[in-house]
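Enquirer: Dumping the structure here so I can ask a few things about it.
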Amino acid sequence: MVYSDRTRQLFADELTSIRGKGLFKEKRFICSAQDAEIEVEYPEGAPRRRVLNFCANNYLGLSSHPEVVAAAHQGLEERGYGMSSVRFICGTQDIHRDLENRLTEFLGTEDTILFPSCLDANAGVFEAILGAEDVIIADRLIHASLVDGIRLCSAEYDTFKHMDMKHLEKKLEAHQDKRHRLIVTDGVFSMDGDLCPLGEMVALAEKYDAMVLVDECHASGFIGKTGRGTHEHFGVLGRIDLITTTLGKALGGASGGCVSGRRELVELCRQKARPYLFSNAIAPSIVSASIKVLDIVSGSTERRDRLEWNTRYFREQIVAAGLNIREGETPIAPVMLYNAKLANDMSRDMYAEGIYVVGFFFPVVPAGAARIRVQLSASHTKEMIDQCVAAFRKVGEKYGILGLDKQGIIDKYGM
Ligand SMILES: *Cc1c(COP(=O)(O)O)cnc(C)c1O
């Protein structure tokens, strides 16, 4: 017997231990379209209720936009349901090429290759372009999918302290003997909402003959004056060698990712990247809807402007309420609680107040850095944000943390 009673018991014990610590991730079901207001079944089997969603990556509110849905219908009608092939065999339609060209134009690069997801883009890009003579120098807090991709590649892997450009410079100096140096970072870090100092990074890359790869999943569509991303924000459009990003967040929220950048690097991905060669092509409905999304975000900055206003307003109000927020300017606004059980308990109470948010704790964030990560959307109204802040005030009061600083919360609840 392969799955013996003993084996089952060991796995069950591990789950019991997670539950015992109050860290169990429960299932939550959304029974409506993704939007600022959603219908949720939680806990499992409980009656559905309408709540405000403050934890989606639906930054621009395009996930259920009528024009995007209509474009998806059109793609479905005209090009069918699925491709039943990887890209290089018979999985590439002209609309895949159109979308790649539109992304190239939007991101200000030379060429783009689509992947089934950004996780796949990150899994494929390093191995396709680098080898054992090369080095990757990455920020220590890069996204898990970048770490996984780097592990699949034979280049040496080195890191620098989070956003520490002096430390990066030391590493660049130390690796001058390598054939290629590739600096890797997130544009916006998904857990803290930090903006990577990309201007300085590009200057260092130019000084030390290195390339830069930026993962723009939490930036594409809304960071920068016209939403092109972190490189626009820092005025280095056209100087980034590789951008990886997703269609699964601000840009419609379905799925799909890409590598966009220098012509030769993208072409090498077409020749060698394993998720491109061995995983199915993005469905036509998603491709045509994504083209519509690019029409919308290129045509007007209204949505990213609204998001910027909402972000500033929420951040001001939550500080005024006496909660601890990680400072910044991105719509990722982490309300810091430090203690994992506190984050989990408070998110449950927020749900009772009609606000859907989730507690984040180890291993998603470092131990002792638990939080409720709030994400703003262009589709939130001012009234919705007021409601969210009021709920935080009420729940924060219940746990006695209003007005406490980091040490105060840790003294009360532990790490
Ligand atoms: C979400 C995310 C990904 C993965 O994107 P998918 O398209 O969902 O696979 C990769 N990198 C970062 C930084 C992300 O936030």
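Following the order of the structure tokens, first chain is A, next is B, and so on, with residues numbered from 1 inside each chain and ligands from 1 in the order they appear.
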Can you work out which residues are within 9 Å of ligand 1, considering only C-alpha atoms and all ligand atoms, and then hand them over as JSON, numbers by chain?
Expert: {"A": [57, 115, 116, 117, 118, 119, 120, 121, 122, 142, 143, 144, 145, 146, 185, 186, 187, 188, 189, 190, 191, 215, 216, 217, 218, 244, 245, 246, 247, 248, 249, 253, 254, 255, 256, 257, 258]}
Enquirer: Please, which residues of range 31-165 of chain A, numbered as in this document, come out alpha helix (DSSP H) from DSSP, as an MDAnalysis selection string?
Expert: chainID A and resid 66:79 87:90 94:107 118:129 144:151 165
Enquirer: Keeping N, CA and C atoms, export the residues of the selection given above as a short mmCIF file (atom, residue, chain, number, x, y, z; two decimals), in the first residue's frame.
Expert:
```cif
data_model
loop_
_atom_site.label_atom_id
_atom_site.label_comp_id
_atom_site.auth_asym_id
_atom_site.auth_seq_id
_atom_site.Cartn_x
_atom_site.Cartn_y
_atom_site.Cartn_z
N PRO A 66 -17.34 45.89 -19.19
CA PRO A 66 -18.19 45.41 -20.29
C PRO A 66 -17.49 45.34 -21.64
N GLU A 67 -16.63 46.32 -21.93
CA GLU A 67 -15.94 46.30 -23.24
C GLU A 67 -14.93 45.17 -23.31
N VAL A 68 -14.33 44.86 -22.18
CA VAL A 68 -13.35 43.76 -22.14
C VAL A 68 -14.08 42.42 -22.31
N VAL A 69 -15.21 42.30 -21.62
CA VAL A 69 -16.01 41.07 -21.74
C VAL A 69 -16.49 40.91 -23.18
N ALA A 70 -16.94 42.02 -23.79
CA ALA A 70 -17.42 41.95 -25.18
C ALA A 70 -16.29 41.52 -26.11
N ALA A 71 -15.08 42.04 -25.87
CA ALA A 71 -13.95 41.67 -26.73
C ALA A 71 -13.61 40.19 -26.56
N ALA A 72 -13.76 39.69 -25.34
CA ALA A 72 -13.52 38.26 -25.11
C ALA A 72 -14.54 37.43 -25.88
N HIS A 73 -15.81 37.87 -25.86
CA HIS A 73 -16.85 37.19 -26.64
C HIS A 73 -16.49 37.15 -28.12
N GLN A 74 -16.02 38.29 -28.61
CA GLN A 74 -15.69 38.39 -30.04
C GLN A 74 -14.56 37.41 -30.38
N GLY A 75 -13.54 37.36 -29.51
CA GLY A 75 -12.44 36.42 -29.73
C GLY A 75 -12.93 34.98 -29.75
N LEU A 76 -13.83 34.70 -28.82
CA LEU A 76 -14.39 33.35 -28.72
C LEU A 76 -15.17 32.99 -29.99
N GLU A 77 -16.00 33.94 -30.45
CA GLU A 77 -16.81 33.70 -31.66
C GLU A 77 -15.94 33.52 -32.89
N GLU A 78 -14.95 34.42 -33.03
CA GLU A 78 -14.19 34.46 -34.29
C GLU A 78 -13.05 33.45 -34.33
N ARG A 79 -12.45 33.16 -33.15
CA ARG A 79 -11.24 32.34 -33.15
C ARG A 79 -11.36 31.08 -32.32
N ARG A 87 2.74 27.26 -28.71
CA ARG A 87 2.88 28.34 -29.67
C ARG A 87 3.57 27.92 -30.96
N PHE A 88 4.67 27.17 -30.84
CA PHE A 88 5.51 27.00 -32.04
C PHE A 88 5.00 25.90 -32.97
N ILE A 89 4.05 25.10 -32.51
CA ILE A 89 3.51 24.09 -33.44
C ILE A 89 2.33 24.71 -34.20
N CYS A 90 1.15 24.79 -33.60
CA CYS A 90 0.06 25.49 -34.29
C CYS A 90 -0.78 26.28 -33.30
N ASP A 94 -2.83 35.15 -35.60
CA ASP A 94 -2.41 36.52 -35.88
C ASP A 94 -2.70 37.43 -34.68
N ILE A 95 -3.76 37.12 -33.91
CA ILE A 95 -4.06 37.99 -32.76
C ILE A 95 -3.01 37.85 -31.65
N HIS A 96 -2.36 36.69 -31.56
CA HIS A 96 -1.25 36.57 -30.62
C HIS A 96 -0.13 37.53 -31.02
N ARG A 97 0.14 37.58 -32.33
CA ARG A 97 1.16 38.52 -32.82
C ARG A 97 0.72 39.96 -32.55
N ASP A 98 -0.56 40.27 -32.81
CA ASP A 98 -1.06 41.62 -32.57
C ASP A 98 -0.86 42.02 -31.11
N LEU A 99 -1.20 41.10 -30.21
CA LEU A 99 -1.08 41.41 -28.78
C LEU A 99 0.39 41.62 -28.41
N GLU A 100 1.27 40.78 -28.96
CA GLU A 100 2.70 40.96 -28.67
C GLU A 100 3.17 42.33 -29.14
N ASN A 101 2.73 42.73 -30.32
CA ASN A 101 3.13 44.05 -30.84
C ASN A 101 2.58 45.19 -29.99
N ARG A 102 1.35 45.01 -29.54
CA ARG A 102 0.74 46.05 -28.70
C ARG A 102 1.48 46.18 -27.36
N LEU A 103 1.89 45.04 -26.81
CA LEU A 103 2.63 45.07 -25.55
C LEU A 103 3.99 45.74 -25.73
N THR A 104 4.64 45.43 -26.86
CA THR A 104 5.94 46.05 -27.16
C THR A 104 5.81 47.57 -27.19
N GLU A 105 4.76 48.02 -27.86
CA GLU A 105 4.52 49.46 -27.98
C GLU A 105 4.21 50.07 -26.60
N PHE A 106 3.36 49.39 -25.85
CA PHE A 106 2.94 49.93 -24.54
C PHE A 106 4.11 49.97 -23.56
N LEU A 107 4.93 48.94 -23.58
CA LEU A 107 6.03 48.86 -22.61
C LEU A 107 7.28 49.61 -23.09
N CYS A 118 2.86 34.87 -16.11
CA CYS A 118 4.16 35.49 -15.81
C CYS A 118 5.04 34.51 -15.03
N LEU A 119 4.40 33.65 -14.27
CA LEU A 119 5.20 32.61 -13.61
C LEU A 119 5.97 31.80 -14.66
N ASP A 120 5.31 31.50 -15.76
CA ASP A 120 5.98 30.78 -16.85
C ASP A 120 7.05 31.64 -17.52
N ALA A 121 6.76 32.93 -17.69
CA ALA A 121 7.76 33.83 -18.27
C ALA A 121 9.02 33.82 -17.40
N ASN A 122 8.80 33.92 -16.09
CA ASN A 122 9.94 33.93 -15.16
C ASN A 122 10.63 32.57 -15.10
N ALA A 123 9.87 31.51 -15.31
CA ALA A 123 10.47 30.18 -15.30
C ALA A 123 11.34 29.96 -16.53
N GLY A 124 10.99 30.62 -17.63
CA GLY A 124 11.66 30.32 -18.90
C GLY A 124 12.79 31.25 -19.28
N VAL A 125 12.73 32.50 -18.82
CA VAL A 125 13.60 33.51 -19.41
C VAL A 125 15.08 33.32 -19.05
N PHE A 126 15.37 32.94 -17.81
CA PHE A 126 16.78 32.90 -17.39
C PHE A 126 17.54 31.80 -18.10
N GLU A 127 16.94 30.61 -18.10
CA GLU A 127 17.61 29.48 -18.73
C GLU A 127 17.82 29.71 -20.22
N ALA A 128 16.88 30.45 -20.83
CA ALA A 128 16.97 30.67 -22.28
C ALA A 128 18.14 31.58 -22.65
N ILE A 129 18.51 32.51 -21.78
CA ILE A 129 19.52 33.48 -22.21
C ILE A 129 20.86 33.39 -21.48
N ALA A 144 8.65 34.94 -5.68
CA ALA A 144 8.98 33.51 -5.65
C ALA A 144 9.17 32.92 -7.05
N SER A 145 8.40 33.37 -8.02
CA SER A 145 8.50 32.79 -9.36
C SER A 145 9.83 33.16 -10.03
N LEU A 146 10.39 34.31 -9.69
CA LEU A 146 11.72 34.66 -10.21
C LEU A 146 12.77 33.75 -9.59
N VAL A 147 12.65 33.52 -8.28
CA VAL A 147 13.59 32.63 -7.61
C VAL A 147 13.54 31.25 -8.26
N ASP A 148 12.34 30.76 -8.52
CA ASP A 148 12.21 29.44 -9.15
C ASP A 148 12.86 29.43 -10.53
N GLY A 149 12.64 30.48 -11.31
CA GLY A 149 13.22 30.55 -12.65
C GLY A 149 14.74 30.58 -12.59
N ILE A 150 15.27 31.34 -11.64
CA ILE A 150 16.72 31.45 -11.49
C ILE A 150 17.31 30.08 -11.12
N ARG A 151 16.59 29.34 -10.30
CA ARG A 151 17.06 28.00 -9.91
C ARG A 151 17.16 27.04 -11.10
N MET A 165 21.31 50.03 -3.19
CA MET A 165 22.08 50.22 -4.42
C MET A 165 23.59 50.20 -4.17
#
```
Enquirer: Report as a count of residues only: the residues of range 259-409 of chain A with a DSSP assignment of strand (DSSP E), based on the backbone of this structure.
Expert: 20
Enquirer: Looking at A:Leu168, A:Leu23, A:Val266, A:Ala155, which one is nearest to Asp139 in chain A, with distances taken over only C-alpha atoms?
Expert: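 Of the candidates, the smallest distance to Asp139 in chain A is held by A:Leu168.
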Enquirer: Between A:Gly199, A:Leu402, A:Asp192, A:Thr226, single out the one closest to Ala370 in chain A, counting only C-alpha atoms.
Expert: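 Of all the options, A:Asp192 lies closest to Ala370 in chain A.
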Enquirer: Kindly indicate which residue among A:Asp13, A:Asp295, A:Asp209, A:Asp411 lies nearest to Asn339 in chain A, using only C-alpha atoms for the distances.
Expert: A:Asp411
Enquirer: Using only C-alpha atoms, I'd like a table of the residues in range 171-212 of chain A that come within 10 Å of range 227-243 of chain A; for each, show the closest atom pair and its distance in Å rounded to one decimal, ordered by chain and ascending number, as CSV.
Expert:
```
residue,atom,partner,partner_atom,distance
A:Leu182,CA,A:Asp241,CA,9.3
A:Ile183,CA,A:Asp241,CA,10.0
A:Val184,CA,A:Leu242,CA,9.3
A:Thr185,CA,A:Ile243,CA,9.9
A:Asp186,CA,A:Thr230,CA,9.3
A:Gly187,CA,A:Thr230,CA,5.5
A:Val188,CA,A:Thr230,CA,7.3
A:Leu195,CA,A:Thr230,CA,7.4
A:Cys196,CA,A:Thr230,CA,7.8
A:Pro197,CA,A:Phe234,CA,7.8
A:Leu198,CA,A:Phe234,CA,6.4
A:Gly199,CA,A:Phe234,CA,5.5
A:Glu200,CA,A:Phe234,CA,9.0
A:Val202,CA,A:Arg239,CA,7.3
A:Ala203,CA,A:Val236,CA,9.5
A:Ala205,CA,A:Ile240,CA,9.8
A:Glu206,CA,A:Arg239,CA,9.4
A:Ala210,CA,A:Asp241,CA,9.5
A:Met211,CA,A:Asp241,CA,5.9
A:Val212,CA,A:Asp241,CA,5.5
```
Enquirer: Would you save the residues of that selection, restricted to all heavy atoms, as a compact mmCIF listing (two decimals), in the first residue's frame?
Expert:
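Dumped everything to selection.txt:
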```txt
# COMPACT_ATOMS: atom_id res chain seq x y z
N LEU A 182 23.31 40.00 -14.97
CA LEU A 182 21.89 40.36 -15.08
C LEU A 182 21.37 40.74 -13.69
O LEU A 182 21.40 39.91 -12.77
CB LEU A 182 21.07 39.18 -15.65
CG LEU A 182 19.56 39.41 -15.73
CD1 LEU A 182 19.22 40.56 -16.68
CD2 LEU A 182 18.84 38.13 -16.17
N ILE A 183 20.94 41.98 -13.57
CA ILE A 183 20.33 42.44 -12.31
C ILE A 183 18.84 42.11 -12.38
O ILE A 183 18.20 42.37 -13.40
CB ILE A 183 20.52 43.96 -12.13
CG1 ILE A 183 22.00 44.33 -12.21
CG2 ILE A 183 19.91 44.42 -10.82
CD1 ILE A 183 22.25 45.83 -12.32
N VAL A 184 18.31 41.55 -11.30
CA VAL A 184 16.90 41.15 -11.30
C VAL A 184 16.18 41.81 -10.13
O VAL A 184 16.65 41.76 -8.99
CB VAL A 184 16.77 39.62 -11.20
CG1 VAL A 184 15.30 39.20 -11.12
CG2 VAL A 184 17.43 38.96 -12.41
N THR A 185 15.02 42.39 -10.42
CA THR A 185 14.23 43.04 -9.36
C THR A 185 12.75 43.01 -9.71
O THR A 185 12.39 42.83 -10.88
CB THR A 185 14.70 44.50 -9.17
OG1 THR A 185 14.00 45.05 -8.04
CG2 THR A 185 14.40 45.36 -10.38
N ASP A 186 11.92 43.21 -8.72
CA ASP A 186 10.52 43.54 -8.95
C ASP A 186 10.45 45.06 -9.14
O ASP A 186 11.19 45.79 -8.48
CB ASP A 186 9.66 43.18 -7.74
CG ASP A 186 9.50 41.68 -7.52
OD1 ASP A 186 10.26 40.90 -8.12
OD2 ASP A 186 8.62 41.29 -6.73
N GLY A 187 9.57 45.54 -10.00
CA GLY A 187 9.36 46.98 -10.13
C GLY A 187 8.65 47.50 -8.89
O GLY A 187 9.11 48.43 -8.22
N VAL A 188 7.53 46.87 -8.57
CA VAL A 188 6.82 47.13 -7.32
C VAL A 188 6.79 45.81 -6.56
O VAL A 188 6.36 44.79 -7.12
CB VAL A 188 5.38 47.62 -7.57
CG1 VAL A 188 4.59 47.70 -6.27
CG2 VAL A 188 5.39 48.99 -8.26
N LEU A 195 8.50 50.68 -4.29
CA LEU A 195 8.95 50.91 -5.66
C LEU A 195 10.46 50.75 -5.72
O LEU A 195 11.19 51.43 -5.00
CB LEU A 195 8.63 52.35 -6.07
CG LEU A 195 7.28 52.66 -6.69
CD1 LEU A 195 7.07 54.16 -6.70
CD2 LEU A 195 7.20 52.12 -8.11
N CYS A 196 10.94 49.88 -6.57
CA CYS A 196 12.39 49.68 -6.72
C CYS A 196 13.03 50.95 -7.28
O CYS A 196 12.48 51.58 -8.18
CB CYS A 196 12.60 48.49 -7.64
SG CYS A 196 13.95 48.64 -8.76
N PRO A 197 14.21 51.36 -6.78
CA PRO A 197 14.86 52.59 -7.29
C PRO A 197 15.48 52.34 -8.67
O PRO A 197 16.69 52.23 -8.83
CB PRO A 197 15.94 52.86 -6.24
CG PRO A 197 16.25 51.54 -5.63
CD PRO A 197 15.00 50.71 -5.71
N LEU A 198 14.61 52.28 -9.65
CA LEU A 198 15.04 51.78 -10.96
C LEU A 198 15.98 52.73 -11.69
O LEU A 198 16.84 52.28 -12.46
CB LEU A 198 13.79 51.50 -11.81
CG LEU A 198 13.96 50.59 -12.99
CD1 LEU A 198 14.57 49.24 -12.59
CD2 LEU A 198 12.62 50.35 -13.69
N GLY A 199 15.83 54.04 -11.45
CA GLY A 199 16.73 55.00 -12.11
C GLY A 199 18.18 54.74 -11.72
O GLY A 199 19.06 54.62 -12.58
N GLU A 200 18.42 54.63 -10.42
CA GLU A 200 19.78 54.37 -9.94
C GLU A 200 20.28 53.01 -10.43
O GLU A 200 21.46 52.83 -10.75
CB GLU A 200 19.81 54.33 -8.41
CG GLU A 200 19.65 55.67 -7.73
CD GLU A 200 19.48 55.48 -6.22
OE1 GLU A 200 20.45 55.03 -5.58
OE2 GLU A 200 18.37 55.74 -5.72
N VAL A 202 19.48 51.38 -13.16
CA VAL A 202 19.84 51.42 -14.58
C VAL A 202 21.20 52.13 -14.75
O VAL A 202 22.05 51.69 -15.54
CB VAL A 202 18.74 52.12 -15.41
CG1 VAL A 202 19.22 52.46 -16.81
CG2 VAL A 202 17.50 51.22 -15.48
N ALA A 203 21.43 53.20 -13.98
CA ALA A 203 22.71 53.90 -14.06
C ALA A 203 23.86 52.96 -13.68
O ALA A 203 24.90 52.93 -14.33
CB ALA A 203 22.69 55.13 -13.15
N ALA A 205 23.80 49.69 -13.87
CA ALA A 205 23.91 48.67 -14.91
C ALA A 205 24.74 49.20 -16.08
O ALA A 205 25.58 48.49 -16.63
CB ALA A 205 22.51 48.26 -15.40
N GLU A 206 24.51 50.46 -16.42
CA GLU A 206 25.25 51.04 -17.54
C GLU A 206 26.73 51.20 -17.19
O GLU A 206 27.62 50.93 -17.99
CB GLU A 206 24.58 52.36 -17.98
CG GLU A 206 23.27 52.06 -18.73
CD GLU A 206 22.36 53.27 -18.95
OE1 GLU A 206 22.69 54.37 -18.46
OE2 GLU A 206 21.31 53.09 -19.61
N ALA A 210 26.02 45.77 -17.23
CA ALA A 210 25.09 44.72 -16.81
C ALA A 210 23.74 44.94 -17.49
O ALA A 210 23.46 46.03 -17.99
CB ALA A 210 24.91 44.78 -15.29
N MET A 211 22.93 43.90 -17.53
CA MET A 211 21.56 44.01 -18.03
C MET A 211 20.63 44.07 -16.82
O MET A 211 20.98 43.66 -15.72
CB MET A 211 21.20 42.80 -18.88
CG MET A 211 22.07 42.64 -20.13
SD MET A 211 21.60 41.20 -21.11
CE MET A 211 22.24 39.85 -20.11
N VAL A 212 19.41 44.58 -17.07
CA VAL A 212 18.40 44.67 -16.00
C VAL A 212 17.13 43.95 -16.42
O VAL A 212 16.65 44.14 -17.55
CB VAL A 212 18.06 46.15 -15.69
CG1 VAL A 212 16.97 46.25 -14.64
CG2 VAL A 212 19.30 46.90 -15.23
```
Enquirer: Please provide as a list in words all residues within 8 Å of range 371-376 of chain A, with the sequence filter that same-chain residues fewer than 4 positions apart are discarded (counting only C-alpha atoms).
Expert: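 So, after excluding close chain neighbours, the residues are Phe54, Cys55, Ala56, Asn57, Tyr59, Met191, Leu307, Asn310, Thr311, Pro331, Ile332, Ala333, Pro334, Val335, Met336, Leu337, Tyr338, Asn339, Ala340, Ala343, Ser347, Val357, Val358, Gly359, Phe360, Phe361 and His380 of chain A.
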Enquirer: Keeping only C-alpha atoms, write the selected residues as a CSV table (one decimal), in the first residue's frame.
Expert:
```
chain,number,residue,atom,x,y,z
A,54,PHE,CA,-10.1,45.1,-1.0
A,55,CYS,CA,-7.6,42.4,-1.9
A,56,ALA,CA,-7.8,41.8,-5.6
A,57,ASN,CA,-5.1,42.7,-8.1
A,59,TYR,CA,-6.1,47.7,-9.9
A,191,MET,CA,4.1,42.4,-0.3
A,307,LEU,CA,-6.5,54.7,-8.6
A,310,ASN,CA,-8.0,56.3,-4.1
A,311,THR,CA,-4.5,55.2,-2.9
A,331,PRO,CA,-2.0,50.8,-4.3
A,332,ILE,CA,-0.5,48.0,-2.3
A,333,ALA,CA,-1.2,49.3,1.3
A,334,PRO,CA,-0.1,46.8,4.0
A,335,VAL,CA,-1.8,47.3,7.4
A,336,MET,CA,1.0,46.0,9.6
A,337,LEU,CA,0.0,43.6,12.5
A,338,TYR,CA,3.3,41.7,12.9
A,339,ASN,CA,1.6,38.8,14.6
A,340,ALA,CA,0.2,36.0,12.3
A,343,ALA,CA,-3.7,39.2,11.1
A,347,SER,CA,-9.3,39.6,8.6
A,357,VAL,CA,-9.3,41.3,3.1
A,358,VAL,CA,-6.9,38.5,3.9
A,359,GLY,CA,-4.2,38.1,6.5
A,360,PHE,CA,-0.7,37.5,5.2
A,361,PHE,CA,1.9,35.7,7.3
A,380,HIS,CA,-13.6,51.6,-5.5
```
Enquirer: Just checking: using only C-alpha atoms, which residue out of A:Lys170, A:Arg304, A:Arg48, A:Arg179 ends up closest to Gly131 in chain A?
Expert: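 For Gly131 in chain A, the nearest of the given residues is A:Arg179.
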Enquirer: Could you give me, as a PyMOL selection string, the residues within 8 Å of range 174-178 of chain A, counting only C-alpha atoms and dropping anything in the same chain fewer than 4 positions from it?
Expert: chain A and resi 133-135+170+208
Enquirer: Give the answer as one residue: which of A:Gln34, A:Asn344, A:Asn324, A:Ser285 has the shortest atom-to-atom distance to Val51 in chain A, using only C-alpha atoms?
Expert: A:Gln34
Enquirer: Name the residues in contact with Val293 in chain A at a cut-off of 7 Å, using only C-alpha atoms, excluding same-chain residues fewer than 4 positions from it; report them as a list of chain:residue names.
Expert: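 So the residues in contact are A:Val68, A:Leu251, A:Gly252, A:Ala289, A:Val297.
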Enquirer: Just to confirm, what's the straight-line distance from CA of Gln317 in chain A to CA of Glu397 in chain A in Å (one decimal)?
Expert: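 So the two atoms, CA of Gln317 in chain A and CA of Glu397 in chain A, lie 15.4 Å apart.
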Enquirer: Could you tell me how far CA of Arg50 in chain A lies from CA of Asp386 in chain A, in Å and to one decimal?
Expert: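 For CA of Arg50 in chain A relative to CA of Asp386 in chain A, the distance reads 16.7 Å.
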Enquirer: Using Å and a single decimal, report how far CA of Leu130 in chain A sits from CA of Glu110 in chain A.
Expert: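 Computing the Euclidean distance for CA of Glu110 in chain A and CA of Leu130 in chain A yields 19.3 Å.
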Enquirer: Leaving out Lys161 in chain A and any residue of its chain fewer than 3 positions from it, which residues lie within 7 Å of it when counting only C-alpha atoms, given as a count of residues only?
Expert: 4
